[in-house]
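S.K.: Enclosed is the structure file target-v2.cif (mmCIF, C-alpha atoms).
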data_structure
loop_
_atom_site.label_atom_id
_atom_site.label_comp_id
_atom_site.auth_asym_id
_atom_site.auth_seq_id
_atom_site.Cartn_x
_atom_site.Cartn_y
_atom_site.Cartn_z
CA MET A 240 11.98 14.39 24.23
CA LEU A 241 13.69 15.79 21.19
CA GLU A 242 10.69 17.59 19.72
CA ILE A 243 10.20 19.68 22.84
CA ARG A 244 13.83 20.62 23.06
CA GLN A 245 14.10 21.39 19.37
CA GLN A 246 10.72 22.74 18.47
CA TYR A 247 11.81 23.82 15.05
CA THR A 248 11.86 20.20 13.88
CA PHE A 249 8.20 19.82 14.82
CA TYR A 250 7.20 22.97 12.97
CA GLY A 251 9.43 21.88 10.12
CA ILE A 252 7.36 18.75 9.65
CA LEU A 253 4.14 20.74 9.83
CA LEU A 254 5.47 23.05 7.15
CA TYR A 255 6.53 20.03 5.09
CA ILE A 256 3.02 18.59 5.17
CA GLY A 257 1.43 21.91 4.30
CA ALA A 258 3.86 22.69 1.49
CA THR A 259 3.64 19.27 -0.21
CA ILE A 260 -0.11 19.19 -0.16
CA PHE A 261 -0.32 22.74 -1.45
CA VAL A 262 2.02 21.88 -4.31
CA LEU A 263 -0.12 18.85 -5.10
CA TYR A 264 -3.20 21.06 -5.16
CA MET A 265 -1.51 23.48 -7.55
CA ALA A 266 -0.48 20.61 -9.80
CA ILE A 267 -3.57 18.43 -9.99
CA ASP A 268 -6.47 20.23 -8.38
CA GLU A 269 -9.07 17.49 -7.76
CA PRO A 270 -7.78 14.02 -8.68
CA GLU A 271 -9.97 10.95 -9.04
CA SER A 272 -10.18 8.57 -6.11
CA LYS A 273 -7.52 6.13 -7.30
CA VAL A 274 -4.91 8.86 -7.72
CA TRP A 275 -6.01 10.46 -4.45
CA ASN A 276 -5.48 7.20 -2.61
CA GLY A 277 -2.06 6.56 -4.13
CA LEU A 278 -0.83 10.10 -3.51
CA PHE A 279 -2.12 10.10 0.03
CA TRP A 280 -0.14 7.02 1.05
CA VAL A 281 3.03 8.12 -0.69
CA ILE A 282 2.88 11.50 1.07
CA GLN A 283 2.18 9.65 4.30
CA LEU A 284 5.33 7.58 3.78
CA PHE A 285 7.51 10.63 3.24
CA ILE A 286 6.03 12.48 6.19
CA CYS A 287 6.81 9.46 8.31
CA ILE A 288 10.42 9.33 7.16
CA ASN A 289 10.87 13.03 7.88
CA ALA A 290 9.12 12.97 11.23
CA VAL A 291 10.46 9.74 12.64
CA ALA A 292 13.97 9.68 11.25
CA LYS A 293 14.90 12.60 13.47
CA SER A 294 14.18 10.65 16.62
CA PHE A 295 17.52 8.88 16.59
CA LEU A 296 19.57 10.69 14.02
CA GLN A 297 19.57 14.06 15.73
CA GLU A 298 20.32 12.83 19.22
CA SER A 299 23.90 13.68 20.00
CA SER A 300 26.11 10.89 21.27
CA GLY A 301 26.52 12.65 24.59
CA ARG A 302 22.81 12.66 25.15
CA MET A 303 22.59 8.99 24.19
CA LEU A 304 25.17 8.32 26.87
CA TYR A 305 22.99 10.18 29.34
CA PHE A 306 19.93 8.10 28.39
CA TYR A 307 22.12 5.03 28.65
CA SER A 308 22.88 5.83 32.26
CA ILE A 309 19.31 6.55 33.36
CA ALA A 310 17.13 4.05 31.47
CA SER A 311 17.12 0.42 30.40
CA PRO A 312 17.14 -0.20 26.62
CA ARG A 313 13.66 -1.74 26.71
CA ASP A 314 12.09 1.26 28.39
CA PHE A 315 13.97 3.58 26.08
CA VAL A 316 12.85 1.93 22.86
CA LEU A 317 9.28 1.57 24.11
CA ALA A 318 9.22 5.27 24.97
CA LYS A 319 10.55 6.13 21.52
CA LEU A 320 7.99 3.88 19.82
CA LEU A 321 5.14 5.35 21.86
CA PHE A 322 6.18 8.94 21.27
CA ASN A 323 6.71 8.45 17.55
CA SER A 324 3.38 6.65 17.22
CA LEU A 325 1.59 9.57 18.85
CA LEU A 326 3.50 12.05 16.69
CA MET A 327 2.67 10.13 13.53
CA LEU A 328 -1.00 9.80 14.50
CA VAL A 329 -1.26 13.57 14.88
CA MET A 330 0.53 14.08 11.56
CA SER A 331 -1.73 11.54 9.83
CA VAL A 332 -4.89 13.26 11.01
CA LEU A 333 -3.47 16.62 9.96
CA SER A 334 -2.50 15.48 6.49
CA LEU A 335 -5.86 13.74 6.05
CA GLY A 336 -7.62 16.99 6.93
CA LEU A 337 -5.45 19.00 4.54
CA PHE A 338 -5.95 16.45 1.76
CA ALA A 339 -9.72 16.65 2.16
CA LEU A 340 -9.54 20.43 2.24
CA PHE A 341 -7.34 20.98 -0.81
CA LEU A 342 -7.75 17.95 -3.05
CA GLY A 343 -11.45 17.26 -2.56
CA ASN A 344 -12.90 14.40 -0.61
CA PRO A 345 -13.65 11.24 -2.61
CA VAL A 346 -13.88 9.08 0.54
CA GLN A 347 -17.32 7.49 0.91
CA LYS A 348 -16.84 5.85 4.30
CA ALA A 349 -15.09 8.50 6.31
CA GLY A 350 -14.98 6.50 9.55
CA THR A 351 -13.41 3.43 7.98
CA PHE A 352 -10.84 5.46 6.10
CA THR A 353 -9.85 7.46 9.17
CA GLY A 354 -9.41 4.19 11.06
CA LEU A 355 -7.18 2.84 8.30
CA VAL A 356 -5.16 6.05 8.21
CA LEU A 357 -4.53 5.86 11.95
CA LEU A 358 -3.60 2.17 11.72
CA GLY A 359 -1.32 2.84 8.75
CA GLY A 360 0.35 5.81 10.40
CA TRP A 361 0.96 3.75 13.50
CA GLY A 362 2.49 0.89 11.50
CA LEU A 363 4.72 3.21 9.47
CA SER A 364 5.98 4.99 12.56
CA LEU A 365 6.84 1.72 14.33
CA VAL A 366 8.83 0.32 11.43
CA PHE A 367 10.69 3.55 10.78
CA THR A 368 11.48 4.15 14.44
CA PHE A 369 13.32 0.87 14.58
CA LEU A 370 15.02 1.45 11.25
CA ALA A 371 16.10 4.89 12.44
CA ALA A 372 17.75 3.18 15.39
CA ILE A 373 19.67 0.94 12.98
CA ALA A 374 20.50 3.78 10.59
CA ALA A 375 21.80 5.90 13.45
CA LYS A 376 24.53 3.28 13.92
CA ALA A 377 25.63 3.58 10.30
CA ARG A 378 26.79 7.15 10.10
CA GLN A 379 25.34 7.91 6.68
CA ASN A 380 21.92 8.40 8.16
CA ALA A 381 19.11 9.61 5.92
CA ALA A 382 20.19 7.87 2.73
CA ILE A 383 20.77 4.53 4.38
CA MET A 384 17.40 4.80 6.08
CA ALA A 385 15.59 5.03 2.74
CA ILE A 386 17.57 2.08 1.38
CA LEU A 387 16.80 -0.06 4.42
CA GLY A 388 13.22 1.04 4.83
CA PHE A 389 11.62 1.04 1.40
CA PRO A 390 11.79 -2.66 0.59
CA ILE A 391 10.51 -3.50 4.05
CA ILE A 392 7.62 -1.07 3.99
CA ILE A 393 6.35 -1.83 0.46
CA PRO A 394 4.23 -4.87 1.45
CA GLN A 395 2.57 -2.95 4.24
CA LEU A 396 1.84 -0.03 1.93
CA ILE A 397 0.34 -2.34 -0.72
CA LEU A 398 -1.88 -3.86 1.95
CA LEU A 399 -2.98 -0.43 3.16
CA MET A 400 -3.75 0.80 -0.35
CA GLN A 401 -5.75 -2.33 -1.11
CA LEU A 402 -7.74 -1.92 2.08
CA SER A 403 -8.39 1.77 1.68
CA LYS A 404 -9.70 1.21 -1.87
CA ALA A 405 -12.74 -0.28 -0.20
CA ALA A 406 -13.40 2.99 1.61
CA PHE A 407 -13.90 4.82 -1.69
CA SER A 408 -17.06 3.02 -2.74
CA ASP A 409 -20.20 2.02 -0.93
CA SER A 410 -20.43 -1.45 -2.39
CA LEU A 411 -17.07 -2.83 -1.23
CA THR A 412 -16.47 -3.90 2.34
CA VAL A 413 -13.14 -3.81 4.10
CA PRO A 414 -11.89 -7.38 4.64
CA PHE A 415 -11.57 -7.71 8.38
CA GLN A 416 -8.90 -10.41 8.11
CA ASN A 417 -6.47 -8.02 6.44
CA VAL A 418 -6.96 -5.40 9.14
CA LEU A 419 -6.10 -8.05 11.69
CA LEU A 420 -3.03 -8.92 9.65
CA LEU A 421 -1.85 -5.30 9.84
CA VAL A 422 -2.41 -5.20 13.60
CA ALA A 423 -0.49 -8.46 13.96
CA LEU A 424 2.37 -7.02 11.89
CA ASN A 425 2.53 -3.97 14.14
CA ILE A 426 2.61 -6.07 17.28
CA MET A 427 5.37 -8.17 15.75
CA VAL A 428 7.42 -5.04 15.01
CA ILE A 429 7.06 -3.90 18.64
CA LEU A 430 8.15 -7.31 19.90
CA LEU A 431 11.14 -7.42 17.55
CA ALA A 432 12.14 -3.91 18.58
CA VAL A 433 12.02 -4.82 22.26
CA ILE A 434 14.04 -7.99 21.70
CA LEU A 435 16.61 -6.57 19.27
CA PHE A 436 17.16 -3.03 20.51
CA PRO A 437 19.40 -3.97 23.47
CA PHE A 438 21.97 -5.22 20.93
CA LEU A 439 22.02 -1.87 19.14
CA TRP A 440 22.18 0.02 22.40
CA LYS A 441 25.59 -1.15 23.55
CA ASP A 442 28.31 0.79 21.83
CA MET B 1004 36.16 -34.57 5.56
CA HIS B 1005 34.06 -37.16 7.37
CA LYS B 1006 30.83 -35.33 6.85
CA SER B 1007 30.77 -35.54 3.10
CA TRP B 1008 27.71 -37.81 2.83
CA TRP B 1009 25.45 -34.84 2.11
CA LYS B 1010 27.65 -33.67 -0.73
CA ILE B 1011 27.38 -37.10 -2.34
CA LEU B 1012 23.63 -36.95 -1.71
CA CYS B 1013 23.52 -33.54 -3.36
CA VAL B 1014 25.31 -34.75 -6.48
CA ALA B 1015 23.13 -37.85 -6.63
CA LEU B 1016 19.90 -35.89 -6.23
CA LEU B 1017 20.89 -33.36 -8.88
CA MET B 1018 21.94 -36.10 -11.32
CA TYR B 1019 18.57 -37.70 -10.69
CA THR B 1020 16.86 -34.35 -11.28
CA PHE B 1021 18.60 -33.80 -14.59
CA THR B 1022 17.93 -37.28 -15.95
CA ALA B 1023 14.51 -38.06 -14.48
CA GLY B 1024 13.36 -34.47 -14.83
CA LEU B 1025 14.05 -34.50 -18.55
CA LEU B 1026 13.04 -38.09 -19.33
CA LEU B 1027 10.06 -39.03 -17.16
CA ASP B 1028 6.54 -38.43 -18.38
CA VAL B 1029 4.79 -35.21 -17.41
CA PRO B 1030 1.12 -34.28 -17.73
CA HIS B 1031 0.44 -32.14 -20.78
CA LEU B 1032 -1.53 -29.06 -19.84
CA PRO B 1033 -2.62 -26.43 -22.34
CA ALA B 1034 -0.18 -23.50 -22.62
CA LEU B 1035 2.38 -25.27 -20.44
CA GLN B 1036 3.07 -28.52 -22.34
CA GLU B 1037 6.65 -29.68 -21.85
CA THR B 1038 7.78 -26.41 -20.27
CA ILE B 1039 6.37 -27.74 -16.99
CA ARG B 1040 9.71 -29.50 -16.58
CA ASN B 1041 11.16 -26.12 -15.73
CA LEU B 1042 9.31 -26.46 -12.41
CA TYR B 1043 12.15 -28.67 -11.14
CA PHE B 1044 14.62 -25.88 -11.82
CA HIS B 1045 12.71 -22.59 -11.43
CA VAL B 1046 10.91 -23.40 -8.18
CA GLY B 1047 14.01 -25.22 -6.96
CA MET B 1048 15.95 -21.94 -7.14
CA TRP B 1049 13.43 -20.15 -4.94
CA MET B 1050 13.41 -23.03 -2.47
CA ALA B 1051 17.19 -22.89 -2.30
CA MET B 1052 17.06 -19.11 -1.83
CA MET B 1053 14.58 -19.36 1.04
CA THR B 1054 16.67 -22.08 2.67
CA LEU B 1055 19.85 -20.02 2.41
CA PHE B 1056 18.20 -16.87 3.80
CA THR B 1057 16.78 -18.89 6.68
CA ILE B 1058 20.21 -20.30 7.50
CA SER B 1059 21.61 -16.77 7.29
CA VAL B 1060 19.12 -15.57 9.89
CA ILE B 1061 19.88 -18.51 12.17
CA HIS B 1062 23.55 -17.57 12.03
CA ALA B 1063 22.67 -13.93 12.74
CA ILE B 1064 20.79 -15.03 15.88
CA ARG B 1065 23.71 -17.23 16.90
CA TYR B 1066 26.07 -14.31 16.42
CA LEU B 1067 24.00 -12.09 18.71
CA ARG B 1068 23.97 -14.82 21.36
CA THR B 1069 27.68 -15.62 21.25
CA ASN B 1070 29.46 -12.59 19.73
CA ASN B 1071 31.62 -14.97 17.73
CA LEU B 1072 32.65 -13.33 14.45
CA LYS B 1073 32.66 -16.71 12.70
CA TYR B 1074 28.86 -16.70 12.71
CA ASP B 1075 28.85 -13.24 11.19
CA ILE B 1076 30.92 -14.47 8.24
CA ASN B 1077 28.57 -17.43 7.86
CA SER B 1078 25.52 -15.22 7.94
CA ARG B 1079 26.95 -12.89 5.32
CA GLN B 1080 28.02 -15.65 2.92
CA TYR B 1081 24.69 -17.47 3.15
CA SER B 1082 22.83 -14.28 2.31
CA SER B 1083 25.03 -13.49 -0.69
CA VAL B 1084 24.67 -16.98 -2.15
CA GLY B 1085 20.94 -16.62 -1.47
CA ILE B 1086 20.93 -13.50 -3.65
CA LEU B 1087 22.73 -15.48 -6.37
CA PHE B 1088 20.05 -18.19 -6.29
CA GLY B 1089 17.32 -15.55 -6.31
CA THR B 1090 18.82 -14.04 -9.47
CA LEU B 1091 18.98 -17.49 -11.05
CA GLY B 1092 15.33 -17.96 -10.08
CA TYR B 1093 14.54 -14.80 -12.03
CA ALA B 1094 16.54 -16.03 -15.00
CA THR B 1095 14.79 -19.41 -15.17
CA GLY B 1096 11.46 -17.68 -14.65
CA ALA B 1097 12.20 -15.30 -17.52
CA ILE B 1098 12.93 -18.17 -19.89
CA TRP B 1099 9.80 -19.98 -18.77
CA MET B 1100 7.48 -17.05 -19.19
CA SER B 1101 8.86 -16.15 -22.59
CA TYR B 1102 7.31 -19.47 -23.73
CA THR B 1103 4.11 -19.38 -21.73
CA TRP B 1104 3.02 -15.80 -20.98
CA ALA B 1105 4.50 -13.74 -23.78
CA ASP B 1106 2.18 -13.36 -26.73
CA PRO B 1107 4.17 -13.75 -29.96
CA ASN B 1108 1.66 -11.53 -31.80
CA ASN B 1109 2.43 -8.51 -29.64
CA PRO B 1110 5.73 -6.64 -29.63
CA ALA B 1111 8.06 -7.75 -26.85
CA SER B 1112 7.69 -4.45 -25.00
CA ALA B 1113 3.91 -4.93 -24.63
CA SER B 1114 4.30 -8.33 -22.98
CA PHE B 1115 7.09 -6.95 -20.87
CA ASN B 1116 4.74 -4.31 -19.49
CA SER B 1117 2.21 -6.81 -18.27
CA ILE B 1118 4.88 -9.09 -16.86
CA ALA B 1119 6.63 -6.31 -14.96
CA ARG B 1120 3.42 -5.68 -13.02
CA GLU B 1121 3.22 -9.21 -11.67
CA PRO B 1122 2.81 -9.07 -7.88
CA LYS B 1123 4.86 -12.25 -7.37
CA LEU B 1124 7.78 -10.75 -9.26
CA ILE B 1125 7.54 -7.60 -7.18
CA GLY B 1126 7.47 -9.69 -4.01
CA ALA B 1127 10.60 -11.55 -5.06
CA ALA B 1128 12.26 -8.27 -6.05
CA ILE B 1129 11.54 -6.91 -2.57
CA ALA B 1130 13.20 -9.95 -1.02
CA LEU B 1131 16.31 -9.41 -3.12
CA LEU B 1132 16.31 -5.66 -2.41
CA ILE B 1133 16.15 -6.29 1.33
CA TYR B 1134 19.25 -8.46 1.19
CA LEU B 1135 21.06 -6.03 -1.10
CA ALA B 1136 20.25 -3.33 1.47
CA TYR B 1137 21.71 -5.64 4.11
CA HIS B 1138 24.99 -5.75 2.20
CA ILE B 1139 25.01 -1.96 1.74
CA LEU B 1140 24.43 -1.52 5.47
CA ARG B 1141 27.34 -3.85 6.19
CA ASP B 1142 29.69 -1.95 3.96
CA SER B 1143 28.73 1.43 5.40
CA ILE B 1144 29.98 0.58 8.89
CA GLN B 1145 33.71 0.50 9.50
CA ASP B 1146 34.08 -1.05 12.92
CA LEU B 1147 34.13 -4.85 12.70
CA ASP B 1148 32.10 -5.77 15.78
CA LYS B 1149 29.59 -3.00 15.31
CA LYS B 1150 29.16 -3.97 11.67
CA ALA B 1151 28.42 -7.54 12.65
CA ARG B 1152 26.00 -6.57 15.40
CA VAL B 1153 24.00 -3.96 13.49
CA SER B 1154 23.74 -6.06 10.37
CA ALA B 1155 22.66 -9.11 12.37
CA VAL B 1156 19.89 -7.04 13.92
CA TYR B 1157 18.79 -5.81 10.50
CA ASN B 1158 18.97 -9.32 9.10
CA ILE B 1159 16.60 -10.67 11.73
CA PHE B 1160 14.22 -7.72 11.43
CA ALA B 1161 14.18 -7.86 7.64
CA TYR B 1162 13.62 -11.61 7.59
CA ALA B 1163 10.63 -11.24 9.86
CA MET B 1164 9.20 -8.58 7.56
CA LEU B 1165 9.95 -10.67 4.47
CA PHE B 1166 7.14 -13.15 5.13
CA PRO B 1167 4.32 -10.73 4.42
CA SER B 1168 6.08 -9.59 1.27
CA ILE B 1169 6.50 -12.91 -0.48
CA TRP B 1170 3.91 -15.16 1.13
CA ILE B 1171 0.92 -13.04 2.03
CA VAL B 1172 0.70 -9.93 -0.12
CA PRO B 1173 0.95 -11.48 -3.62
CA ARG B 1174 -2.07 -13.60 -2.76
CA LEU B 1175 -4.20 -10.52 -2.20
CA LEU B 1176 -3.59 -9.19 -5.70
CA PRO B 1177 -4.73 -10.68 -8.99
CA SER B 1178 -1.92 -12.47 -10.79
CA LEU B 1179 -1.03 -14.62 -13.77
CA HIS B 1180 1.47 -16.58 -11.74
CA PRO B 1181 0.22 -19.99 -10.60
CA GLY B 1182 -0.30 -20.84 -6.96
CA GLN B 1183 -2.77 -18.17 -5.93
CA GLU B 1184 -4.17 -20.02 -2.91
CA GLY B 1185 -1.15 -21.71 -1.44
CA ASN B 1186 2.56 -22.20 -1.65
CA PRO B 1187 3.17 -22.67 -5.36
CA ALA B 1188 4.16 -26.23 -6.29
CA LEU B 1189 3.98 -27.50 -2.72
CA ASN B 1190 0.22 -27.82 -2.78
CA PHE B 1191 -0.94 -31.39 -3.33
CA LYS B 1192 -3.58 -30.35 -5.83
CA ASP B 1193 -1.12 -28.49 -8.06
CA VAL B 1194 1.39 -31.18 -8.80
CA SER B 1195 0.63 -34.63 -10.17
CA PRO B 1196 2.12 -37.66 -8.36
CA GLU B 1197 4.50 -38.44 -11.27
CA MET B 1198 6.04 -35.01 -10.94
CA ARG B 1199 6.20 -35.13 -7.18
CA ILE B 1200 8.77 -37.95 -7.23
CA VAL B 1201 11.17 -35.70 -9.12
CA GLU B 1202 10.16 -32.44 -7.52
CA LEU B 1203 11.03 -33.06 -3.88
CA PRO B 1204 14.49 -34.59 -4.55
CA ALA B 1205 15.16 -31.67 -6.91
CA PHE B 1206 14.34 -29.07 -4.26
CA ILE B 1207 16.48 -30.77 -1.65
CA GLY B 1208 19.28 -31.18 -4.18
CA TRP B 1209 19.33 -27.49 -5.10
CA ALA B 1210 19.23 -26.41 -1.45
CA LEU B 1211 22.16 -28.72 -0.67
CA LEU B 1212 24.09 -27.34 -3.63
CA GLY B 1213 23.56 -23.82 -2.29
CA ILE B 1214 24.81 -24.84 1.14
CA TRP B 1215 27.82 -26.55 -0.40
CA ILE B 1216 28.82 -23.46 -2.39
CA THR B 1217 28.43 -21.38 0.74
CA THR B 1218 30.59 -23.63 2.91
CA LEU B 1219 33.36 -23.29 0.32
CA LYS B 1220 33.00 -19.51 0.37
CA ILE B 1221 33.03 -19.49 4.16
CA ARG B 1222 36.24 -21.53 4.28
CA LEU B 1223 37.86 -19.18 1.80
CA ASN B 1224 36.81 -16.20 3.90
CA LEU B 1225 38.07 -17.75 7.11
CA LEU B 1226 41.47 -18.19 5.46
CA LYS B 1227 41.44 -14.56 4.32
CA GLU B 1228 40.53 -13.36 7.79
CA LYS B 1229 43.37 -15.40 9.24
CA LYS B 1230 45.79 -13.63 6.92
CA LEU B 1231 44.42 -10.28 8.02
CA LEU B 1232 44.73 -11.14 11.68
CA GLN B 1233 48.36 -12.23 11.46
#
Can you give me the file's structure in the form of structure tokens?

M.R.:
Amino acid sequence: MLEIRQQYTFYGILLYIGATIFVLYMAIDEPESKVWNGLFWVIQLFICINAVAKSFLQESSGRMLYFYSIASPRDFVLAKLLFNSLLMLVMSVLSLGLFALFLGNPVQKAGTFTGLVLLGGWGLSLVFTFLAAIAAKARQNAAIMAILGFPIIIPQLILLMQLSKAAFSDSLTVPFQNVLLLVALNIMVILLAVILFPFLWKD
Amino acid sequence: MHKSWWKILCVALLMYTFTAGLLLDVPHLPALQETIRNLYFHVGMWMAMMTLFTISVIHAIRYLRTNNLKYDINSRQYSSVGILFGTLGYATGAIWMSYTWADPNNPASASFNSIAREPKLIGAAIALLIYLAYHILRDSIQDLDKKARVSAVYNIFAYAMLFPSIWIVPRLLPSLHPGQEGNPALNFKDVSPEMRIVELPAFIGWALLGIWITTLKIRLNLLKEKKLLQ
């Protein structure tokens, strides 16, 4: 896939994560848990845009033609979704580690929060993979991706922030129903991608 | 036109809404009082918007199945009239809340702050933003068929993601807006029987009006396209 051929993009994202979190540390040292939570998810969102957007935007049209001749659209989009999910999971764990290292660790229930971070990273990567496929068709790329993606992702982010609030105190419990809702949303995105991608594929 | 019965129905229902909605008795609740009559108009706008967006998505699906550009025009016009009704929904809501939520003792900016944080308003804003993004996406692609195909795909995807934004998420957050546990104004506990006899015809009337406006716009567009093709 793209990241192995163009390794600089992968290291670019790593550098991006490191640099942003370091800047945050310089600016606000050890924030309280509410700020920590908000910042974490916003950074997560931008990492996702940077990491996932490349998956379609930097493929040259010649290479797309090559993929077109060797794979069916369903397999192709599933492969992209799988790869981007894995990539985003790695990035999420990395940024969580760096956040805990630099900005202090206000999380009380580490296991729950890590679970939520993985779930959130997975959801973000799925949505943005599909949006990247759409944005790749409109030649203005990165800008159009932000316009298309932000309104769609806001509800999911609100849900994630609400849920992860519970991980910052011992007394609150994470509502299981909402976690299920997120999982259901993710499954729906995969289904939609599989159904709709063949229409984007033909050019 | 042989199929004009629904236009007559629309006019009749809206006439009924305006007369009955303003004359019939309504229950007097504290803080709401007579402003409750705005329910027939404010909620009606949102119902019409949802109806129009739904029709837009149906046309997007039909376009992808048939590749007939007519459906693409339909889909686009329904979504733009939907945006219009959404904006009107905001306008009626703004008038309503200036009588019910705003505290006359505080400066206007203070009440504006608390109102701007309303989760339901944010949800509705997201819905409008999604459809504005849909129009931007359309305009950024030059090729006619590709434009229709890509924007139909986005339309379907966005519509599917819209449900969590306006129906699920606002219910998780604390809010001043009524209707925390269900669909506002559709719940049987929320609305008294006297109001129900005006409410339902009003909603149907507004939705029909939206569809009527859109069919006119579609016909105009079809004529324009014909000129372009010749």

S.K.: Go through B:Ser1154, B:Thr1218, B:Asn1224, B:Asn1071 and flag the residue nearest Leu1055 of chain B, using all atoms listed in the file for the distances.

M.R.: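 So, comparing all the options, the nearest one is B:Thr1218.
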
S.K.: What gap, in Å, lies between atom CA of Asn425 of chain A and atom CA of Leu365 of chain A?

M.R.: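 Going from atom CA of Asn425 of chain A over to atom CA of Leu365 of chain A covers 7.1 Å.
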
S.K.: Starting from the displayed file, determine the output of the PyMOL selection byres ((chain B) within 7 of (chain A)) and express the residue list as a list of chain:residue names.

M.R.: B:Ile1129, B:Leu1132, B:Ile1133, B:Ala1136, B:Ser1143, B:Ile1144, B:Arg1152, B:Val1153, B:Val1156, B:Phe1160, B:Ala1161, B:Met1164, B:Pro1167, B:Ser1168, B:Val1172

S.K.: Quick one: of B:Trp1209, B:Tyr1157, B:Phe1056, B:Phe1021, who's nearest to Ser1078 of chain B, counting all atoms listed in the file?

M.R.: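 Using all atoms listed in the file, Ser1078 of chain B sits closest to B:Phe1056.
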
S.K.: At what distance in Å, to one decimal, does atom CA of Ser408 of chain A lie from atom CA of Leu333 of chain A?

M.R.: 23.0 Å

S.K.: My list of candidates is B:Ala1130, B:Leu1226, B:Leu1026, B:Leu1091. Which is closest to Ala1163 of chain B when distances are computed with all atoms listed in the file?

M.R.: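 The closest residue to Ala1163 of chain B is B:Ala1130.
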
S.K.: I'd like the neighbourhood of Val1046 of chain B as a PDB file with C-alpha atoms, keeping the file's coordinate frame, where a residue qualifies if any of its atoms comes within 9 Å (using all atoms listed in the file), though same-chain residues fewer than 3 positions away should be ignored.

M.R.:
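The result, stored in out_27.pdb:
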ATOM      1  CA  ASN B1041      11.160 -26.120 -15.730  1.00  0.00           C
ATOM      2  CA  LEU B1042       9.310 -26.460 -12.410  1.00  0.00           C
ATOM      3  CA  TYR B1043      12.150 -28.670 -11.140  1.00  0.00           C
ATOM      4  CA  TRP B1049      13.430 -20.150  -4.940  1.00  0.00           C
ATOM      5  CA  MET B1050      13.410 -23.030  -2.470  1.00  0.00           C
ATOM      6  CA  ALA B1051      17.190 -22.890  -2.300  1.00  0.00           C
ATOM      7  CA  GLY B1092      15.330 -17.960 -10.080  1.00  0.00           C
ATOM      8  CA  THR B1095      14.790 -19.410 -15.170  1.00  0.00           C
ATOM      9  CA  GLY B1096      11.460 -17.680 -14.650  1.00  0.00           C
ATOM     10  CA  PRO B1187       3.170 -22.670  -5.360  1.00  0.00           C
ATOM     11  CA  ALA B1188       4.160 -26.230  -6.290  1.00  0.00           C
ATOM     12  CA  PHE B1206      14.340 -29.070  -4.260  1.00  0.00           C
TER      13      PHE B1206
END

S.K.: If we count only C-alpha atoms and set the cut-off at 10 Å, which residues sit around Leu284 of chain A, ignoring sequence neighbours fewer than 2 positions away in its own chain? Please answer as a list in words.

M.R.: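 Result of the neighbour search: Leu278, Phe279, Trp280, Val281, Ile282, Ile286, Cys287, Ile288, Asn289, Ala290, Gly359, Gly360, Leu363, Ser364, Phe367, Phe389, Ile392 and Leu396 of chain A.
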
S.K.: So the first atom is atom CA of Gly1213 of chain B and the second is atom CA of Met1048 of chain B; what is the distance between them in Å, to one decimal place?

M.R.: 9.2 Å

S.K.: What do you get, as a PyMOL selection string, if you spell out every residue that the PyMOL selection byres ((chain A and resi 325) around 12) selects here?

M.R.: chain A and resi 287+290-291+318-324+326-332+357-358+360-365

S.K.: Choose the residue, out of B:Arg1040, B:Lys1230, B:Lys1073, B:His1062, that has the smallest atom-to-atom separation from Val1201 of chain B; count only C-alpha atoms.

M.R.: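 Looking at the shortest contact to Val1201 of chain B, the residue is B:Arg1040.
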
S.K.: Suppose a student applies the PyMOL selection byres ((chain B and resi 1221) around 10) to this structure; what residues should they get, written as a PyMOL selection string?

M.R.: chain B and resi 1073-1074+1076-1081+1215-1220+1222-1227

S.K.: Using only C-alpha atoms, which of the listed residues (A:Leu337, A:Ile252, A:Asn276, A:Pro312) sits closest to Leu355 of chain A?

M.R.: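 Between A:Leu337, A:Ile252, A:Asn276, A:Pro312, the residue approaching Leu355 of chain A most closely is A:Asn276.
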
S.K.: Write out as a PyMOL selection string each polymer residue whose atoms come within 9 Å of segment 341-343 of chain A, counting only C-alpha atoms; drop sequence neighbours fewer than 5 positions from it.

M.R.: chain A and resi 260-261+263-264+267-270+275+336

S.K.: Have a look at A:Gly354, A:Met265, A:Met303, A:Tyr250 and name the one nearest to Val422 of chain A; count only C-alpha atoms.

M.R.: A:Gly354
